[in-house]
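Okay, so here's the structure we're looking at.
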Amino acid sequence: MRGDDPEFDAWVDRARAGSFELAAQICGFKPAKGQEQRNDRAGPCPACGGTDRFAVRVDKRVFNCRHCGARGRDALSLALVGEAVSFVDACEQLTGEPRPSRTHDETPEAREARLERRRKAEAEALAAAEKQARQIEDARRRREESADYVWGDGADFLSTPVVGYFAHRGIRPLPHGVCNLRFAPDLAYWHDGRVLHRGLAMLGRIQGPDNRTIGVHRTWFDEIFSANRPKGRPDIVDPASGELLPTKKVLGSKHGGAIRLVRGLDWRGDAPTGFPGDMIPPVRLFLAEGIETLLSVYLALWCDRSPLLDRAAFWCGIDLGNLRNIKAPRPIGEVILLGDGDSDPDDTAAALDRAEESFIAQGCRVARLMADPGKDFNDMLRGEMAMPAAIRSEETYP
Ligand SMILES: [Zn+2]
């Protein structure tokens with residue numbers, strides 16, 4: 001573009017030295033949320049898309065795309081990334097001055113060629129985004145298939161060490177009707193691409209609202225229980241950080257899903273009769289974060305021969321934040337949220353608030369039961385069965 005027109009060249013030089021901030025706006029760069037005011041910003045490339053491949057350092061006046069190689073150190077080059085505007089328009093916007101002569105106007109042919117390049121770049125970016133979406137979907141399906149495989153490979157948990165694990169956790173005898181759990185005798189614990197542990201594990205089938213298996217919840221537990229490990233779970237150490245890793249993990253998805261541990265009991269008279277299952281649609285849902293918590297409450301009610309168990313279902317929502325995503329199937333009209341007292345009280349209360357709102361919006365009545373501060377319901381079950389009086393009072397419930 002440099003030629004025999006010093007006035008024009010000086011105008012272009014002023015555009016190059018123009019505001020980086022303005023140049024980023026001209027090319028249509030949209031930084032990631034929260035980075036708009038920062039000196040270093042990342043976001044989709046105006047030329048080739050993506051999510052965070054394009055970086056702009058406003059203070060150092062540099063920009064770089066790690067995908068298409070767009071890079072530079074002046075405002076004009078930045079304004080022209082993706083060719084949203086013509087060269088002359090970019091100079092005009094950056095300098096705030098009209099072009100000094102008409103000799104460098106964009107010709108109709110140049111304009112058509114520029115727009116054609118831009119259309120092509122947009123089509124490529126769209127195709128790349130679609131490809132990425134397909135890859136994400138494929139990965140999700142593969143994880144679901146692995147979850148299906150792990151679940152399918154498990155053995156029914158009754159008469160397996162899972163019952164011993166529950167007994168070690170004070171959940172004994174195990175009331176009937178517990179389902180959707182299986183046992184894996186030699187389940188690998190993968191972390192960062194390697195197996196850190198193999199051993200006994202309890203599997204929980206996570207079902208989505210459409211009843212499909214979307215994931216499997218895995219709890220590794222000890223082969224030999226000892227009093228100094230009251231939770232009955234192995235120490236699995238991250239060799240990189242030396243930190244203890246969680247002994248519960250989800251394979252596949254958990255969003256909106258639940259482990260339907262007890263699907264609905266028929267409790268007429270003073271003992272449950274018949275078989276639990278889909279034949280008796282539940283009207284009351286007990287919902288907790290963890291399997292052990294939920295079964296502790298179930299056992300306490302069972303020992304009390306509580307009438308609350310009639311047509312009750314017990315679902316494990318895997319984590320607190322997920323409770324709000326769960327859909328209560330008809331005819332469930334009552335939901336009892338069980339909150340542990342051993343996590344941050346504010347976080348727990350906030351998560352339960354959101355779950356409560358969600359179930360009210362679904363037309364359910366909602367009650368909330370909290371374990372004592374610093375404890376979960378399993379701790380309370382093991383402390384001489386001192387479950388809160390509330391759990392035994394029908395007035396607590398909707
Ligand atoms: Zn790019």
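All residue names refer to the structure tokens as shown: chains lettered A, B, ... in order, residues numbered from 1 in each chain, ligands numbered from 1 in order.
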Under the rule of at most 6 Å, produce a per-residue listing of chain A near ligand 1: chain, number, name, the closest pair of atoms, and the distance in Å, as a tab-separated table, using only C-alpha atoms and all ligand atoms.
```
residue	atom	partner	partner_atom_place_in_ligand_line	distance
A:Cys45	CA	ligand 1	1 (Zn)	4.6
A:Ala47	CA	ligand 1	1 (Zn)	5.0
A:Cys48	CA	ligand 1	1 (Zn)	4.2
A:Cys65	CA	ligand 1	1 (Zn)	4.6
A:His67	CA	ligand 1	1 (Zn)	5.1
A:Cys68	CA	ligand 1	1 (Zn)	4.0
A:Ala70	CA	ligand 1	1 (Zn)	5.7
```
Residues just named, written with C-alpha atoms as an mmCIF file, in the first residue's frame:
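This went into again23.cif:
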```
data_model
loop_
_atom_site.group_PDB
_atom_site.id
_atom_site.type_symbol
_atom_site.label_atom_id
_atom_site.label_comp_id
_atom_site.auth_asym_id
_atom_site.auth_seq_id
_atom_site.Cartn_x
_atom_site.Cartn_y
_atom_site.Cartn_z
ATOM 1 C CA CYS A 45 -10.295 -15.548 16.722
ATOM 2 C CA ALA A 47 -10.666 -14.883 11.491
ATOM 3 C CA CYS A 48 -10.859 -18.567 12.397
ATOM 4 C CA CYS A 65 -3.852 -16.479 17.069
ATOM 5 C CA HIS A 67 -4.448 -21.499 15.200
ATOM 6 C CA CYS A 68 -4.351 -19.461 11.978
ATOM 7 C CA ALA A 70 -2.750 -14.081 12.672
#
```
*Would you kindly return, as a list in words, each protein, DNA or RNA residue with an atom no farther than 10 Å from any atom of Glu223 (chain A), considering only C-alpha atoms and excluding same-chain residues fewer than 3 positions away?*
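These residues fall inside the cut-off: Pro161, Gly164, Tyr165, Pro185, Gly199, Leu200, Ala201, Trp220, Ser226, Gly232, Arg233 and Pro234 of chain A.
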*Determine which residues of region 16-120 of chain A receive a DSSP assignment of strand (DSSP E or B), computed from the backbone, and state them as number ranges by chain.*
A: 40-45, 49-57, 62-65, 71-72
_List the spatial neighbours of Gly363 (chain A) as a count of residues only - criterion: any atom at most 12 Å away, only C-alpha atoms, same-chain residues fewer than 5 positions off excluded._
12
*Residues within 8 Å of Gly170 (chain A), only C-alpha atoms, excluding chain neighbours under 3 positions, as a PyMOL selection string*: chain A and resi 166-167+296+378+381-382
Give me, as CSV, the closest atom pair and its distance (Å, one decimal) for every residue of region 217-323 of chain A within a cut-off of 12 Å of region 186-195 of chain A, counting only C-alpha atoms, rows sorted by chain and rising number.
```
residue,atom,partner,partner_atom,distance
A:Arg218,CA,A:Leu187,CA,9.0
A:Thr219,CA,A:Leu187,CA,9.8
A:Trp220,CA,A:Leu187,CA,8.0
A:Phe221,CA,A:Leu187,CA,10.5
A:Asp222,CA,A:Asp186,CA,11.7
A:Glu223,CA,A:Asp186,CA,10.7
A:Pro234,CA,A:Tyr189,CA,11.3
A:Asp235,CA,A:Tyr189,CA,11.8
A:Ile236,CA,A:Tyr189,CA,8.8
A:Val237,CA,A:His191,CA,10.0
A:Asp238,CA,A:His191,CA,8.0
A:Pro239,CA,A:His191,CA,9.8
A:Ala240,CA,A:Asp192,CA,9.7
A:Ser241,CA,A:Asp192,CA,11.9
A:Leu244,CA,A:His191,CA,11.9
A:Leu245,CA,A:His191,CA,9.1
A:Pro246,CA,A:Tyr189,CA,10.4
A:Thr247,CA,A:Tyr189,CA,8.8
A:Lys248,CA,A:Tyr189,CA,10.0
A:Lys249,CA,A:Tyr189,CA,9.1
A:Val250,CA,A:Tyr189,CA,11.3
A:Leu251,CA,A:Trp190,CA,10.7
```
*If we count only C-alpha atoms, what is near Ala129 (chain A) at a cut-off of 12 Å, once residues fewer than 3 positions away on the same chain are taken out, given as a count of residues only?*
15
*For Phe225 (chain A), the nearest of the candidates A:Phe359, A:Val162, A:Gln207, A:Lys33, counting only C-alpha atoms*: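 Checking each of A:Phe359, A:Val162, A:Gln207, A:Lys33 against Phe225 (chain A), counting only C-alpha atoms, the winner is A:Val162.
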*How many Å separate CA of Glu292 (chain A) from CA of Gln362 (chain A)?*
26.8 Å
Please provide as a PDB file with C-alpha atoms, in the first residue's frame all residues within 10 Å of region 21-29 of chain A, with the sequence filter that same-chain residues fewer than 4 positions apart are discarded (counting only C-alpha atoms).
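Dumped everything to selection20.pdb:
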```
ATOM      1  CA  ALA A  15      -3.720   4.221  11.934  1.00  0.00           C
ATOM      2  CA  ARG A  16      -0.969   1.706  12.837  1.00  0.00           C
ATOM      3  CA  GLN A  37     -11.113  -4.887  31.101  1.00  0.00           C
ATOM      4  CA  ASN A  39      -4.639  -6.135  29.737  1.00  0.00           C
ATOM      5  CA  ARG A  41      -7.529 -11.045  26.923  1.00  0.00           C
ATOM      6  CA  ALA A  42      -8.331 -14.266  25.129  1.00  0.00           C
ATOM      7  CA  GLY A  43     -11.311 -15.297  23.059  1.00  0.00           C
ATOM      8  CA  PRO A  44     -12.438 -16.601  19.669  1.00  0.00           C
ATOM      9  CA  CYS A  45     -10.295 -15.548  16.722  1.00  0.00           C
ATOM     10  CA  PRO A  46     -12.133 -13.025  14.481  1.00  0.00           C
ATOM     11  CA  ALA A  47     -10.666 -14.883  11.491  1.00  0.00           C
ATOM     12  CA  GLY A  49     -13.135 -18.873  15.438  1.00  0.00           C
ATOM     13  CA  PHE A  54      -6.900 -15.468  20.010  1.00  0.00           C
ATOM     14  CA  ALA A  55      -4.924 -13.443  22.570  1.00  0.00           C
ATOM     15  CA  VAL A  56      -4.564  -9.671  22.783  1.00  0.00           C
ATOM     16  CA  ARG A  57      -2.141  -7.843  25.070  1.00  0.00           C
ATOM     17  CA  VAL A  58      -3.475  -4.299  25.110  1.00  0.00           C
ATOM     18  CA  ASP A  59      -0.606  -2.891  27.189  1.00  0.00           C
ATOM     19  CA  ARG A  61       0.306  -3.922  21.780  1.00  0.00           C
ATOM     20  CA  PHE A  63      -1.945 -10.025  19.360  1.00  0.00           C
ATOM     21  CA  ASP A  74       0.140  -2.594  15.390  1.00  0.00           C
ATOM     22  CA  ALA A  75      -3.470  -1.463  15.643  1.00  0.00           C
ATOM     23  CA  LEU A  76      -4.144  -1.554  11.897  1.00  0.00           C
ATOM     24  CA  SER A  77      -3.143  -5.233  11.555  1.00  0.00           C
ATOM     25  CA  LEU A  78      -5.347  -6.075  14.512  1.00  0.00           C
ATOM     26  CA  ALA A  79      -8.322  -4.156  13.083  1.00  0.00           C
ATOM     27  CA  LEU A  80      -7.964  -6.122   9.836  1.00  0.00           C
ATOM     28  CA  VAL A  81      -7.971  -9.635  11.371  1.00  0.00           C
ATOM     29  CA  GLY A  82     -10.900 -11.460   9.806  1.00  0.00           C
ATOM     30  CA  GLU A  83     -11.344  -8.641   7.276  1.00  0.00           C
ATOM     31  CA  ALA A  84     -14.598  -7.371   8.743  1.00  0.00           C
ATOM     32  CA  VAL A  85     -13.751  -3.927   7.348  1.00  0.00           C
ATOM     33  CA  ASP A  89     -12.354   1.917   6.606  1.00  0.00           C
ATOM     34  CA  ALA A  90     -10.004   0.560   9.243  1.00  0.00           C
ATOM     35  CA  CYS A  91      -7.638   3.504   8.777  1.00  0.00           C
ATOM     36  CA  GLN A  93     -11.855   4.484  12.149  1.00  0.00           C
ATOM     37  CA  LEU A  94      -8.437   4.265  13.807  1.00  0.00           C
TER      38      LEU A  94
END
```
*asked:* I want to know what sits within 6 Å of region 210-215 of chain A, based on only C-alpha atoms, with residues of the same chain fewer than 3 positions away left out; could you give that as a PyMOL selection string?
replied: chain A and resi 144+147+206-207+251-253
*Out of A:Arg66, A:His255, A:Arg14, A:Arg205, which residue has the shortest atom-to-atom distance to Arg99 (chain A) when counting only C-alpha atoms?*
A:Arg14
